[in-house]
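Asks: Following this line is entry38.cif, made up of mmCIF, C-alpha atoms:
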```cif
data_model
loop_
_atom_site.label_atom_id
_atom_site.label_comp_id
_atom_site.auth_asym_id
_atom_site.auth_seq_id
_atom_site.Cartn_x
_atom_site.Cartn_y
_atom_site.Cartn_z
CA ARG A 162 158.41 178.00 112.98
CA GLY A 163 155.11 176.52 111.92
CA LYS A 164 153.26 173.53 113.38
CA PRO A 165 155.16 170.24 113.66
CA ALA A 166 154.32 168.22 110.56
CA LEU A 167 154.52 164.57 109.59
CA HIS A 168 157.02 163.74 106.84
CA SER A 169 157.24 160.38 105.09
CA LEU A 170 160.91 159.70 104.34
CA SER A 171 160.64 155.89 104.37
CA THR A 172 158.21 153.13 105.26
CA ALA A 173 158.81 153.62 109.03
CA PRO A 174 156.69 156.31 110.68
CA VAL A 175 158.57 159.55 111.19
CA VAL A 176 157.62 162.20 113.69
CA VAL A 177 158.95 165.76 113.66
CA VAL A 178 159.94 166.51 117.24
CA GLY A 179 160.55 170.22 116.93
CA THR A 180 162.12 173.06 115.02
CA LEU A 181 164.98 175.27 116.10
CA ARG A 182 166.42 178.13 113.96
CA SER A 183 164.99 176.76 110.74
CA GLN A 184 166.37 173.25 111.39
CA THR A 185 164.00 170.31 111.76
CA PHE A 186 164.77 167.43 114.15
CA VAL A 187 163.37 164.10 113.02
CA THR A 188 163.27 160.87 115.08
CA MET A 189 162.37 157.41 113.88
CA THR A 190 159.77 155.83 116.16
CA ARG A 191 160.28 152.16 116.94
CA GLY A 192 157.33 151.44 119.17
CA LYS A 193 159.73 151.05 122.11
CA PRO A 194 160.46 153.51 124.87
CA ALA A 195 163.72 155.37 124.27
CA GLY A 196 165.69 157.68 126.47
CA MET A 197 167.78 157.78 129.59
CA ASN A 198 165.00 156.59 131.91
CA ALA A 199 163.61 153.81 129.68
CA ALA A 200 165.78 150.92 130.91
CA ARG A 201 163.34 149.72 133.59
CA LYS A 202 160.45 149.55 131.14
CA LEU A 203 162.56 147.68 128.56
CA ARG A 204 163.86 145.24 131.17
CA ILE A 205 160.43 144.43 132.58
CA THR A 206 158.93 143.99 129.09
CA ARG A 207 161.75 141.61 128.10
CA ARG A 208 161.30 139.62 131.32
CA ASN A 209 157.59 139.19 130.66
CA GLN A 210 157.99 138.33 126.97
CA ARG A 211 160.58 135.61 127.62
CA TRP A 212 157.79 133.41 129.04
CA ALA A 213 156.29 133.26 125.53
CA GLN A 214 159.37 131.35 124.33
CA LYS A 215 158.79 127.60 124.60
CA SER A 216 162.35 126.72 125.60
CA PHE A 217 162.51 129.38 128.34
CA ASN A 218 159.10 128.45 129.71
CA LYS A 219 159.95 124.76 129.82
CA SER A 220 163.27 125.25 131.60
CA HIS A 221 162.01 127.79 134.16
CA SER A 222 158.48 126.68 135.03
CA LEU A 223 157.85 124.73 138.22
CA THR A 224 155.62 122.18 136.49
CA ALA A 225 158.54 120.98 134.33
CA MET A 226 160.70 120.62 137.44
CA LYS A 227 158.03 118.57 139.23
CA ALA A 228 157.61 116.29 136.20
CA ASN A 229 161.37 115.67 135.94
CA PRO A 230 162.42 112.67 138.09
CA PHE A 231 165.74 114.41 138.84
CA GLY A 232 163.91 117.47 140.21
CA GLY A 233 166.02 119.94 138.25
CA ALA A 234 169.38 118.26 138.95
CA SER A 235 171.67 117.00 136.19
CA MET A 236 172.38 113.64 137.84
CA ALA A 237 170.89 111.47 140.59
CA LYS A 238 171.85 108.38 142.56
CA GLY A 239 169.64 105.34 142.75
CA ILE A 240 169.44 101.69 143.72
CA VAL A 241 169.17 99.02 141.01
CA LEU A 242 165.93 97.07 141.34
CA GLU A 243 166.26 94.78 138.31
CA ARG A 244 168.10 94.33 135.05
CA LEU A 245 165.99 94.62 131.90
CA GLY A 246 166.23 93.90 128.22
CA ILE A 247 164.17 96.38 126.20
CA GLU A 248 163.42 95.56 122.58
CA ALA A 249 164.46 98.19 120.02
CA LYS A 250 161.86 99.94 117.89
CA GLN A 251 161.28 98.97 114.27
CA PRO A 252 163.07 98.56 111.88
CA ASN A 253 165.89 97.62 114.28
CA SER A 254 165.99 94.26 115.98
CA ALA A 255 167.96 94.14 119.22
CA ILE A 256 167.60 93.86 122.95
CA ARG A 257 168.94 97.00 124.60
CA LYS A 258 170.35 96.38 128.07
CA CYS A 259 168.75 98.60 130.72
CA VAL A 260 168.22 98.67 134.48
CA ARG A 261 165.21 99.65 136.57
CA VAL A 262 166.39 102.13 139.24
CA ARG A 263 164.69 103.63 142.30
CA LEU A 264 166.05 107.13 142.93
CA ILE A 265 167.27 107.82 146.46
CA LYS A 266 166.18 111.47 146.58
CA ASN A 267 162.46 110.96 145.86
CA GLY A 268 161.77 107.24 145.45
CA LYS A 269 160.72 107.51 141.79
CA LYS A 270 161.36 104.46 139.60
CA ILE A 271 162.97 105.00 136.19
CA ALA A 272 164.55 102.91 133.44
CA ALA A 273 168.17 103.72 132.56
CA PHE A 274 170.22 102.51 129.60
CA VAL A 275 173.54 100.76 130.24
CA PRO A 276 175.96 101.90 127.52
CA ARG A 277 178.70 99.82 125.84
CA ASP A 278 178.95 96.15 125.07
CA GLY A 279 178.98 93.91 128.15
CA CYS A 280 178.69 96.67 130.76
CA LEU A 281 175.53 95.12 132.18
CA ASN A 282 177.84 92.45 133.69
CA PHE A 283 179.32 95.10 136.02
CA ILE A 284 175.90 95.96 137.46
CA GLU A 285 174.09 93.78 139.97
CA GLU A 286 170.84 94.22 141.84
CA ASN A 287 170.98 96.53 144.90
CA ASP A 288 174.07 98.34 143.50
CA GLU A 289 174.18 102.11 143.89
CA VAL A 290 174.36 103.76 140.45
CA LEU A 291 174.70 107.35 139.27
CA ILE A 292 172.18 108.25 136.55
CA ALA A 293 172.45 111.10 134.02
CA GLY A 294 170.26 112.32 131.18
CA PHE A 295 170.49 110.56 127.83
CA GLY A 296 171.15 113.68 125.76
CA ARG A 297 167.81 114.87 124.38
CA SER A 298 166.54 116.94 127.32
CA GLY A 299 163.94 114.53 128.61
CA HIS A 300 163.20 112.65 125.37
CA ALA A 301 163.98 109.05 124.54
CA VAL A 302 167.02 108.57 122.28
CA GLY A 303 167.27 106.47 119.15
CA ASP A 304 165.43 103.16 119.03
CA ILE A 305 165.04 102.66 122.80
CA PRO A 306 161.41 103.41 123.68
CA GLY A 307 160.70 105.22 126.95
CA VAL A 308 164.28 105.31 128.24
CA ARG A 309 165.42 108.88 128.99
CA PHE A 310 168.45 108.22 131.22
CA LYS A 311 171.78 106.37 131.21
CA VAL A 312 174.06 104.84 133.85
CA VAL A 313 177.31 106.73 134.46
CA LYS A 314 178.79 105.17 137.62
CA VAL A 315 178.38 101.95 139.55
CA SER A 316 179.35 101.87 143.25
CA SER A 317 181.11 105.25 142.81
CA VAL A 318 183.31 103.89 139.99
CA SER A 319 182.97 105.10 136.41
CA LEU A 320 181.35 102.58 134.09
CA LEU A 321 183.87 103.55 131.39
CA ALA A 322 186.80 102.82 133.75
CA LEU A 323 185.32 99.39 134.50
CA TYR A 324 184.81 98.75 130.78
CA LEU A 325 188.39 99.72 129.92
CA GLU A 326 189.65 97.64 132.90
CA LYS A 327 191.39 100.66 134.46
CA LYS A 328 189.56 100.17 137.76
CA GLU A 329 187.85 97.35 139.60
CA LYS A 330 184.48 97.43 141.24
CA PRO A 331 184.89 97.63 145.05
CA ARG A 332 183.91 94.55 147.05
CA SER A 333 180.93 95.14 149.32
#
```
Is it possible to give me this structure as structure tokens?

Replies:
Amino acid sequence: RGKPALHSLSTAPVVVVGTLRSQTFVTMTRGKPAGMNAARKLRITRRNQRWAQKSFNKSHSLTAMKANPFGGASMAKGIVLERLGIEAKQPNSAIRKCVRVRLIKNGKKIAAFVPRDGCLNFIEENDEVLIAGFGRSGHAVGDIPGVRFKVVKVSSVSLLALYLEKKEKPRS
């Protein structure tokens, strides 16, 4: 029944909480609040610390949403302004078929890649196209410099269906 004393059982700090009938109760301190009423403190601390993670900060901050032409959406519709051929980066030598698109929702102009061989023939100027990301969360893919998006649909018809000749492009 003496004073509570510090004991070193391992490398972690150990604090003697109290003694009762010649038994000593020892708890391992973790530097975190513990107990029945500690949930709020743990939850708030976790919420604040998540902003230190680069991936969380990038996906949840408003500046990233403003910089994204889609404005946080996964896809966007746009009107084709022109058809482009963008040269591949070194050491490759090719002309990648792309289109310049003006998005309907905010008027921003972006370049979008047209996948598959010969699919540029299905796209004409002033067509309405559906644009999606290219797969690297806002980064250019492969040897196509500055192109972060790809064409998915043309005039509400899948580009893959047109390529496989399962559907025809509607006359308009």

Asks: Counting all atoms listed in the file, which of A:Ala234, A:Val260, A:Leu203, A:Val318 gets nearest to Gly246 of chain A?

Replies: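 Distance minimum relative to Gly246 of chain A lands on A:Val260.
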
Asks: Output the residue selection produced by the PyMOL selection byres ((chain A and resi 274) around 9) on the file above, formatted as JSON, numbers by chain.

Replies: {"A": [257, 258, 259, 260, 272, 273, 275, 276, 295, 305, 308, 309, 310, 311, 312]}

Asks: Please provide as a PDB file with C-alpha atoms, keeping the file's coordinate frame all residues within 12 Å of Ala225 of chain A, with the sequence filter that same-chain residues fewer than 6 positions apart are discarded (counting only C-alpha atoms).

Replies:
```pdb
ATOM      1  CA  LYS A 215     158.790 127.600 124.600  1.00  0.00           C
ATOM      2  CA  SER A 216     162.350 126.720 125.600  1.00  0.00           C
ATOM      3  CA  PHE A 217     162.510 129.380 128.340  1.00  0.00           C
ATOM      4  CA  ASN A 218     159.100 128.450 129.710  1.00  0.00           C
ATOM      5  CA  LYS A 219     159.950 124.760 129.820  1.00  0.00           C
ATOM      6  CA  PHE A 231     165.740 114.410 138.840  1.00  0.00           C
ATOM      7  CA  GLY A 232     163.910 117.470 140.210  1.00  0.00           C
ATOM      8  CA  GLY A 233     166.020 119.940 138.250  1.00  0.00           C
ATOM      9  CA  SER A 298     166.540 116.940 127.320  1.00  0.00           C
ATOM     10  CA  GLY A 299     163.940 114.530 128.610  1.00  0.00           C
TER      11      GLY A 299
END
```

Asks: What residues come out when you apply the PyMOL selection byres ((chain A and resi 241) around 8) to this file, written as a PyMOL selection string?

Replies: chain A and resi 239-240+242-244+260-263+285-290

Asks: Rank A:Ala195, A:Leu325, A:Ile265, A:Ile256 by their smallest atom-to-atom distance to Lys238 of chain A, using only C-alpha atoms, and report the top residue only.

Replies: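 Using only C-alpha atoms, the shortest distance to Lys238 of chain A belongs to A:Ile265.
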
Asks: Just want the 8 Å neighbourhood of Met236 of chain A, counted on all atoms listed in the file, with same-chain residues fewer than 3 positions away dropped. Output as a PyMOL selection string.

Replies: chain A and resi 231+291-294

Asks: Nearest residue to Pro331 of chain A out of A:Gly279, A:Lys269, A:Ile284, A:His300, using all atoms listed in the file?

Replies: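 Between A:Gly279, A:Lys269, A:Ile284, A:His300, the residue approaching Pro331 of chain A most closely is A:Ile284.
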
Asks: Could you jot down the atom CA of Pro194 of chain A to atom CA of Arg208 of chain A separation for me, Å, one decimal place?

Replies: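 Atom CA of Arg208 of chain A lies 15.3 Å from atom CA of Pro194 of chain A.
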
Asks: For the atom pair atom CA of Ser316 of chain A and atom CA of Ala255 of chain A, what is the interatomic distance in Å to one decimal place?

Replies: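 Value for the atom CA of Ser316 of chain A-atom CA of Ala255 of chain A distance: 27.7 Å.
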
Asks: Counting only C-alpha atoms, which of A:Phe283, A:Gly192, A:Ser254, A:Arg211 gets nearest to Leu321 of chain A?

Replies: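 Closest residue, counting only C-alpha atoms: A:Phe283.
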
Asks: Quick check, in Å to one decimal: how far apart do atom CA of Asn209 of chain A and atom CA of Met197 of chain A lie?

Replies: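 Separation between atom CA of Asn209 of chain A and atom CA of Met197 of chain A: 21.2 Å.
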
Asks: Using only C-alpha atoms, can you tell me which of A:Ala237, A:Ala249, A:Gly196, A:Lys266 comes closest to Val313 of chain A?

Replies: A:Ala237

Asks: Go through A:Gly307, A:Lys330, A:Leu323, A:Lys193 one by one, measure the shortest atom-to-atom distance of each to Lys250 of chain A using only C-alpha atoms, and give the residue with the smallest value.

Replies: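 Nearest candidate to Lys250 of chain A out of A:Gly307, A:Lys330, A:Leu323, A:Lys193: A:Gly307.
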